[in-house]
Amino acid sequence: MIDRDLLDILACPENKTPVKLADQPLIDTINSAIAKGEVENRGGQKVEQPIDGGLVREDRVFLYPIQDSIPIMLIDEAIPIKNLTSQ
């Protein structure tokens with residue numbers, strides 16, 4: 001999905017901490033919540049399209065979505081995951 005070399009250099013644009021690929025159960029949980037209309041990004045916009053994957057910030061507070069194999073590393077596009085999962 002994402003080139004390993006690219007993943008090694010990506011970091012959260014807000015606090016510069018490392019990010020790692022989200023596991024499939026987390027992606028499934030987020031996509032289920034998206035389908036129910038329960039997901040807003042940090043910019044306050046409802047997320048309407050399922051995500052292909054995601055990059056989870058080190059503190060597991062936000063996920064940066066991946067669409068068409070492209071990580072969307074914009075602060076306002078990050079999805080808060082604290083209330084979506086207990087991970």
# chains A, B, ... in the order shown; residues from 1 in each chain; ligands from 1
>>> select_by_dssp(residues="chain A", states="strand (DSSP E or B)", output="ChimeraX atom specification")
/A:11,18-21,40,46,53-57,62-67,70-71,79-80
>>> closest_atom_pairs(of="range 37-58 of chain A", to="range 13-33 of chain A", cutoff="7 Å", atoms="only C-alpha atoms", output="CSV")
residue,atom,partner,partner_atom,distance
A:Gly37,CA,A:Ala33,CA,6.3
A:Glu38,CA,A:Ala33,CA,5.2
A:Val39,CA,A:Ala33,CA,6.1
A:Pro50,CA,A:Asn31,CA,5.2
A:Ile51,CA,A:Asn31,CA,6.6
A:Gly53,CA,A:Ile27,CA,6.1
A:Gly54,CA,A:Ala22,CA,5.3
A:Leu55,CA,A:Leu21,CA,4.7
A:Val56,CA,A:Val19,CA,5.2
A:Arg57,CA,A:Val19,CA,4.5
A:Glu58,CA,A:Val19,CA,5.6
>>> select_by_dssp(residues="chain A", states="alpha helix (DSSP H)", output="number ranges by chain")
A: 4-9, 24-35
>>> write_last_selection(atoms="C-alpha atoms", output="mmCIF file, in the first residue's frame")
data_model
loop_
_atom_site.group_PDB
_atom_site.id
_atom_site.type_symbol
_atom_site.label_atom_id
_atom_site.label_comp_id
_atom_site.auth_asym_id
_atom_site.auth_seq_id
_atom_site.Cartn_x
_atom_site.Cartn_y
_atom_site.Cartn_z
ATOM 1 C CA ARG A 4 8.271 1.345 3.389
ATOM 2 C CA ASP A 5 10.858 4.085 2.711
ATOM 3 C CA LEU A 6 8.098 6.691 2.546
ATOM 4 C CA LEU A 7 6.521 5.391 5.735
ATOM 5 C CA ASP A 8 9.864 5.675 7.518
ATOM 6 C CA ILE A 9 10.090 9.419 6.829
ATOM 7 C CA GLN A 24 -7.211 -3.683 9.455
ATOM 8 C CA PRO A 25 -9.540 -3.941 12.486
ATOM 9 C CA LEU A 26 -9.093 -0.200 13.119
ATOM 10 C CA ILE A 27 -9.750 0.628 9.455
ATOM 11 C CA ASP A 28 -12.873 -1.579 9.544
ATOM 12 C CA THR A 29 -14.095 0.175 12.717
ATOM 13 C CA ILE A 30 -13.573 3.619 11.187
ATOM 14 C CA ASN A 31 -15.236 2.650 7.899
ATOM 15 C CA SER A 32 -18.209 1.239 9.794
ATOM 16 C CA ALA A 33 -18.569 4.530 11.688
ATOM 17 C CA ILE A 34 -18.200 6.473 8.410
ATOM 18 C CA ALA A 35 -21.028 4.420 6.890
#
>>> residues_around(residues="Ile70 in chain A", least_positions_apart="2", cutoff="10 Å", atoms="only C-alpha atoms", output="short mmCIF file (atom, residue, chain, number, x, y, z; two decimals) with N, CA and C atoms, in the first residue's frame")
data_model
loop_
_atom_site.label_atom_id
_atom_site.label_comp_id
_atom_site.auth_asym_id
_atom_site.auth_seq_id
_atom_site.Cartn_x
_atom_site.Cartn_y
_atom_site.Cartn_z
N MET A 1 0.84 -1.19 0.00
CA MET A 1 0.00 0.00 0.00
C MET A 1 0.88 1.26 0.00
N ILE A 2 1.70 1.43 1.02
CA ILE A 2 2.61 2.57 1.07
C ILE A 2 4.03 2.04 1.10
N ASP A 52 -9.09 3.87 2.56
CA ASP A 52 -8.37 2.66 2.12
C ASP A 52 -7.43 2.16 3.19
N GLY A 53 -7.00 3.07 4.04
CA GLY A 53 -6.06 2.74 5.10
C GLY A 53 -5.83 4.00 5.91
N GLY A 54 -4.84 3.95 6.79
CA GLY A 54 -4.57 5.12 7.60
C GLY A 54 -3.22 5.04 8.28
N PRO A 65 -5.90 9.69 7.03
CA PRO A 65 -6.44 8.72 6.09
C PRO A 65 -5.54 8.51 4.87
N ILE A 66 -5.67 7.33 4.30
CA ILE A 66 -5.01 7.00 3.03
C ILE A 66 -6.11 6.78 2.01
N GLN A 67 -6.03 7.50 0.90
CA GLN A 67 -6.97 7.36 -0.20
C GLN A 67 -6.18 7.11 -1.48
N ASP A 68 -6.52 6.08 -2.20
CA ASP A 68 -5.84 5.74 -3.45
C ASP A 68 -4.33 5.65 -3.26
N ILE A 72 -3.02 11.32 3.35
CA ILE A 72 -3.50 12.70 3.44
C ILE A 72 -2.98 13.26 4.77
N MET A 73 -1.84 13.92 4.71
CA MET A 73 -1.15 14.37 5.92
C MET A 73 -1.45 15.84 6.21
#
>>> atom_distance(atom1="CA of Lys36 in chain A", atom2="CA of Ala11 in chain A")
29.6 Å
>>> atom_distance(atom1="CA of Asp3 in chain A", atom2="CA of Leu63 in chain A")
17.9 Å
>>> closest_residue(among="A:Phe62, A:Asn41, A:Ser69, A:Glu48", to="Ile81 in chain A", atoms="only C-alpha atoms")
A:Phe62
>>> atom_distance(atom1="CA of Asp76 in chain A", atom2="CA of Asp59 in chain A")
17.2 Å
